[in-house]
Amino acid sequence: MGLEDKIPQGVLLTTVEGLFGWMRQASFWPATFGLACCAIEMMTYGAPRFDAGRWGQEVFRASPRQADLMIISGRISQKMAPVLRQVYDQMPNPKWVMAMGVCASSGGMFNNYAIVQGGDHLVPVDMYVPGCPPRPDMLIDAMFKLRKDIVMKRPMGAHELEEIEAQEQAALESMATHEMKGLMR
């Protein structure tokens with residue numbers, strides 16, 4: 001005789017982490033960091049045609065203290081790099097980063113001294129959205145993948161802060177994308 005046999009019909013059992021993960025899955029509050037042409041596509045994502053409000057994301061936060069997702073859209077100049085890092089540091093945990101567009105992912109066509117060659121040089125990026133510029137439906141797809149792959153599987157508990165710091169440190173110490181050698185090089 002287990003606990004399931006003693007509770008009334010129609011009662012669901014779950015863990016506290018599972019319940020909070022389920023509640024967090026649809027509550028992204030993105031902090032906009034629109035730097036170039038990809039920001040227009042990000043704005044279109046919140047417009048009536050694509051309607052981010054269907055998933056509870058219609059309010060883009062201007063304050064990083066109220067956001068849990070940073071969408072980096074556009075090229076990151078050397079002057080904006082410390083600002084981007086400061087905004088990331090001001091966001092409360094748990095926090096996620098999405099690099100939208102080829103410039104935010106790898107520097108794009110701007111291979112010069114003034115442009116940071118990817119957002120992963122500054123902050124740990126959780127999801128990359130390809131394209132130049134990526135369409136809003138690609139951003140919607142990336143939001144769903146971020147929810148499924150990262151948010152729902154993220155543990156919650158007493159040691160969550162140490163795990164977040166360890167993951168962030170490992171991501172910052174990892175090899176940058178332009179140094180990786182793949183089949184295409």
# chains A, B, ... in the order shown; residues from 1 in each chain; ligands from 1
$ residues_around --residues "Met98 in chain A" --least-positions-apart "6" --cutoff "7 Å" --atoms "only C-alpha atoms" --output "VMD selection string"
chain A and resid 70 to 72 125 to 128
$ write_last_selection --atoms "C-alpha atoms" --output "compact mmCIF listing (two decimals), in the first residue's frame"
# COMPACT_ATOMS: atom_id res chain seq x y z
CA MET A 70 18.34 38.75 -21.56
CA ILE A 71 17.86 38.83 -25.32
CA ILE A 72 21.00 40.20 -26.95
CA VAL A 125 24.72 32.22 -23.57
CA ASP A 126 22.03 29.55 -23.15
CA MET A 127 20.34 29.72 -26.56
CA TYR A 128 21.46 30.92 -29.98
$ residues_around --residues "Thr44 in chain A" --least-positions-apart "3" --cutoff "12 Å" --atoms "only C-alpha atoms" --output "PDB file with N, CA, C and O atoms, in the first residue's frame"
ATOM      1  N   CYS A  37      19.916  45.915 -35.979  1.00  0.00           N
ATOM      2  CA  CYS A  37      18.749  45.584 -36.794  1.00  0.00           C
ATOM      3  C   CYS A  37      17.940  44.409 -36.239  1.00  0.00           C
ATOM      4  O   CYS A  37      16.735  44.333 -36.471  1.00  0.00           O
ATOM      5  N   CYS A  38      18.538  43.500 -35.506  1.00  0.00           N
ATOM      6  CA  CYS A  38      17.790  42.382 -34.925  1.00  0.00           C
ATOM      7  C   CYS A  38      16.774  42.864 -33.890  1.00  0.00           C
ATOM      8  O   CYS A  38      15.805  42.164 -33.593  1.00  0.00           O
ATOM      9  N   ALA A  39      16.991  44.049 -33.342  1.00  0.00           N
ATOM     10  CA  ALA A  39      16.060  44.579 -32.350  1.00  0.00           C
ATOM     11  C   ALA A  39      14.687  44.841 -32.964  1.00  0.00           C
ATOM     12  O   ALA A  39      13.665  44.716 -32.278  1.00  0.00           O
ATOM     13  N   ILE A  40      14.630  45.169 -34.247  1.00  0.00           N
ATOM     14  CA  ILE A  40      13.347  45.383 -34.918  1.00  0.00           C
ATOM     15  C   ILE A  40      12.561  44.071 -34.959  1.00  0.00           C
ATOM     16  O   ILE A  40      11.353  44.051 -34.707  1.00  0.00           O
ATOM     17  N   GLU A  41      13.242  42.978 -35.254  1.00  0.00           N
ATOM     18  CA  GLU A  41      12.577  41.676 -35.261  1.00  0.00           C
ATOM     19  C   GLU A  41      12.144  41.267 -33.857  1.00  0.00           C
ATOM     20  O   GLU A  41      11.116  40.632 -33.679  1.00  0.00           O
ATOM     21  N   ALA A  47       4.674  42.297 -31.063  1.00  0.00           N
ATOM     22  CA  ALA A  47       3.578  42.969 -31.761  1.00  0.00           C
ATOM     23  C   ALA A  47       2.390  42.022 -31.937  1.00  0.00           C
ATOM     24  O   ALA A  47       2.508  40.815 -31.724  1.00  0.00           O
ATOM     25  N   PRO A  48       1.223  42.545 -32.330  1.00  0.00           N
ATOM     26  CA  PRO A  48       0.016  41.710 -32.416  1.00  0.00           C
ATOM     27  C   PRO A  48       0.105  40.521 -33.376  1.00  0.00           C
ATOM     28  O   PRO A  48      -0.543  39.514 -33.153  1.00  0.00           O
ATOM     29  N   ARG A  49       0.905  40.614 -34.425  1.00  0.00           N
ATOM     30  CA  ARG A  49       0.953  39.508 -35.388  1.00  0.00           C
ATOM     31  C   ARG A  49       1.538  38.241 -34.771  1.00  0.00           C
ATOM     32  O   ARG A  49       1.047  37.143 -34.990  1.00  0.00           O
ATOM     33  N   PHE A  50       2.587  38.380 -33.999  1.00  0.00           N
ATOM     34  CA  PHE A  50       3.214  37.212 -33.375  1.00  0.00           C
ATOM     35  C   PHE A  50       2.804  37.056 -31.922  1.00  0.00           C
ATOM     36  O   PHE A  50       2.850  35.957 -31.399  1.00  0.00           O
ATOM     37  N   ASP A  51       2.451  38.134 -31.256  1.00  0.00           N
ATOM     38  CA  ASP A  51       1.795  38.150 -29.952  1.00  0.00           C
ATOM     39  C   ASP A  51       2.478  37.290 -28.890  1.00  0.00           C
ATOM     40  O   ASP A  51       2.055  36.186 -28.580  1.00  0.00           O
ATOM     41  N   ALA A  52       3.542  37.825 -28.337  1.00  0.00           N
ATOM     42  CA  ALA A  52       4.252  37.134 -27.261  1.00  0.00           C
ATOM     43  C   ALA A  52       3.402  37.048 -25.995  1.00  0.00           C
ATOM     44  O   ALA A  52       3.721  36.273 -25.097  1.00  0.00           O
ATOM     45  N   GLU A  58       4.571  39.349 -22.812  1.00  0.00           N
ATOM     46  CA  GLU A  58       4.285  40.574 -23.552  1.00  0.00           C
ATOM     47  C   GLU A  58       4.961  41.804 -22.978  1.00  0.00           C
ATOM     48  O   GLU A  58       5.084  42.807 -23.655  1.00  0.00           O
ATOM     49  N   PRO A 133      18.550  39.180 -40.439  1.00  0.00           N
ATOM     50  CA  PRO A 133      18.136  39.026 -39.047  1.00  0.00           C
ATOM     51  C   PRO A 133      17.192  37.834 -38.910  1.00  0.00           C
ATOM     52  O   PRO A 133      16.522  37.466 -39.865  1.00  0.00           O
ATOM     53  N   PRO A 134      17.141  37.231 -37.740  1.00  0.00           N
ATOM     54  CA  PRO A 134      16.209  36.109 -37.553  1.00  0.00           C
ATOM     55  C   PRO A 134      14.771  36.605 -37.492  1.00  0.00           C
ATOM     56  O   PRO A 134      14.488  37.687 -36.990  1.00  0.00           O
ATOM     57  N   ARG A 135      13.882  35.809 -38.006  1.00  0.00           N
ATOM     58  CA  ARG A 135      12.463  36.157 -38.003  1.00  0.00           C
ATOM     59  C   ARG A 135      11.887  35.983 -36.590  1.00  0.00           C
ATOM     60  O   ARG A 135      12.414  35.217 -35.786  1.00  0.00           O
ATOM     61  N   PRO A 136      10.796  36.671 -36.283  1.00  0.00           N
ATOM     62  CA  PRO A 136      10.189  36.521 -34.954  1.00  0.00           C
ATOM     63  C   PRO A 136       9.729  35.099 -34.648  1.00  0.00           C
ATOM     64  O   PRO A 136       9.752  34.682 -33.494  1.00  0.00           O
ATOM     65  N   ASP A 137       9.316  34.349 -35.681  1.00  0.00           N
ATOM     66  CA  ASP A 137       8.912  32.969 -35.401  1.00  0.00           C
ATOM     67  C   ASP A 137      10.110  32.108 -34.995  1.00  0.00           C
ATOM     68  O   ASP A 137       9.951  31.136 -34.263  1.00  0.00           O
ATOM     69  N   MET A 138      11.314  32.476 -35.415  1.00  0.00           N
ATOM     70  CA  MET A 138      12.506  31.782 -34.940  1.00  0.00           C
ATOM     71  C   MET A 138      12.755  32.098 -33.468  1.00  0.00           C
ATOM     72  O   MET A 138      13.203  31.237 -32.708  1.00  0.00           O
ATOM     73  N   LEU A 139      12.451  33.321 -33.054  1.00  0.00           N
ATOM     74  CA  LEU A 139      12.579  33.691 -31.646  1.00  0.00           C
ATOM     75  C   LEU A 139      11.559  32.939 -30.803  1.00  0.00           C
ATOM     76  O   LEU A 139      11.868  32.491 -29.705  1.00  0.00           O
ATOM     77  N   ILE A 140      10.358  32.782 -31.330  1.00  0.00           N
ATOM     78  CA  ILE A 140       9.327  32.009 -30.623  1.00  0.00           C
ATOM     79  C   ILE A 140       9.794  30.568 -30.446  1.00  0.00           C
ATOM     80  O   ILE A 140       9.674  29.986 -29.362  1.00  0.00           O
TER      81      ILE A 140
END
$ residues_around --residues "Val83 in chain A" --least-positions-apart "4" --cutoff "12 Å" --atoms "only C-alpha atoms" --output "PyMOL selection string"
chain A and resi 33+35+64+72+76-79+87-90+122-123
$ write_last_selection --atoms "C-alpha atoms" --output "PDB file, in the first residue's frame"
ATOM      1  CA  PHE A  33      19.178  44.595 -25.154  1.00  0.00           C
ATOM      2  CA  LEU A  35      21.702  46.939 -30.308  1.00  0.00           C
ATOM      3  CA  PRO A  64      17.293  44.249 -15.271  1.00  0.00           C
ATOM      4  CA  ILE A  72      21.000  40.197 -26.953  1.00  0.00           C
ATOM      5  CA  ILE A  76      28.028  44.171 -29.512  1.00  0.00           C
ATOM      6  CA  SER A  77      30.593  46.926 -29.767  1.00  0.00           C
ATOM      7  CA  GLN A  78      33.568  47.185 -27.429  1.00  0.00           C
ATOM      8  CA  LYS A  79      31.959  50.247 -25.831  1.00  0.00           C
ATOM      9  CA  VAL A  87      23.005  44.558 -16.976  1.00  0.00           C
ATOM     10  CA  TYR A  88      23.596  40.805 -16.767  1.00  0.00           C
ATOM     11  CA  ASP A  89      25.097  41.106 -13.290  1.00  0.00           C
ATOM     12  CA  GLN A  90      22.098  43.122 -12.090  1.00  0.00           C
ATOM     13  CA  LEU A 122      30.950  38.379 -22.071  1.00  0.00           C
ATOM     14  CA  VAL A 123      28.113  36.326 -20.597  1.00  0.00           C
TER      15      VAL A 123
END
$ select_by_dssp --residues "range 30-173 of chain A" --states "strand (DSSP E)" --output "list in words"
Pro30, Ala31, Thr32, Phe33, Gly34, Leu69, Met70, Ile71, Ile72, Ser73, Trp96, Val97, Met98, Ala99, Met100, Met127, Tyr128 and Val129 of chain A
$ residues_around --residues "Ser105 in chain A" --least-positions-apart "4" --cutoff "8 Å" --atoms "only C-alpha atoms" --output "list in words"
Ala99, Met100, Gly101, Gln117, Gly118, Gly119, Asp120, Tyr128, Val129 and Pro130 of chain A
$ write_last_selection --atoms "N, CA and C atoms" --output "compact mmCIF listing (two decimals), in the first residue's frame"
# COMPACT_ATOMS: atom_id res chain seq x y z
N ALA A 99 21.17 34.78 -27.45
CA ALA A 99 21.86 35.58 -28.47
C ALA A 99 21.04 35.50 -29.74
N MET A 100 20.48 36.63 -30.15
CA MET A 100 19.59 36.67 -31.31
C MET A 100 20.33 37.27 -32.49
N GLY A 101 20.50 36.48 -33.52
CA GLY A 101 21.15 36.93 -34.73
C GLY A 101 22.60 36.51 -34.80
N GLN A 117 33.27 39.50 -30.88
CA GLN A 117 32.96 38.37 -31.75
C GLN A 117 32.10 37.34 -31.04
N GLY A 118 30.94 37.76 -30.58
CA GLY A 118 29.97 36.87 -29.96
C GLY A 118 29.71 37.23 -28.51
N GLY A 119 28.46 37.10 -28.10
CA GLY A 119 28.07 37.41 -26.74
C GLY A 119 28.63 36.45 -25.72
N ASP A 120 29.07 35.26 -26.18
CA ASP A 120 29.62 34.28 -25.24
C ASP A 120 30.98 34.69 -24.70
N TYR A 128 21.08 30.12 -28.82
CA TYR A 128 21.46 30.92 -29.98
C TYR A 128 20.33 30.88 -31.00
N VAL A 129 19.97 32.05 -31.54
CA VAL A 129 18.97 32.14 -32.59
C VAL A 129 19.70 32.55 -33.86
N PRO A 130 19.79 31.68 -34.88
CA PRO A 130 20.55 32.01 -36.08
C PRO A 130 19.77 32.93 -37.00
$ atom_distance --atom1 "CA of Gly74 in chain A" --atom2 "CA of Glu163 in chain A"
29.5 Å
$ atom_distance --atom1 "CA of Glu168 in chain A" --atom2 "CA of Pro92 in chain A"
13.7 Å
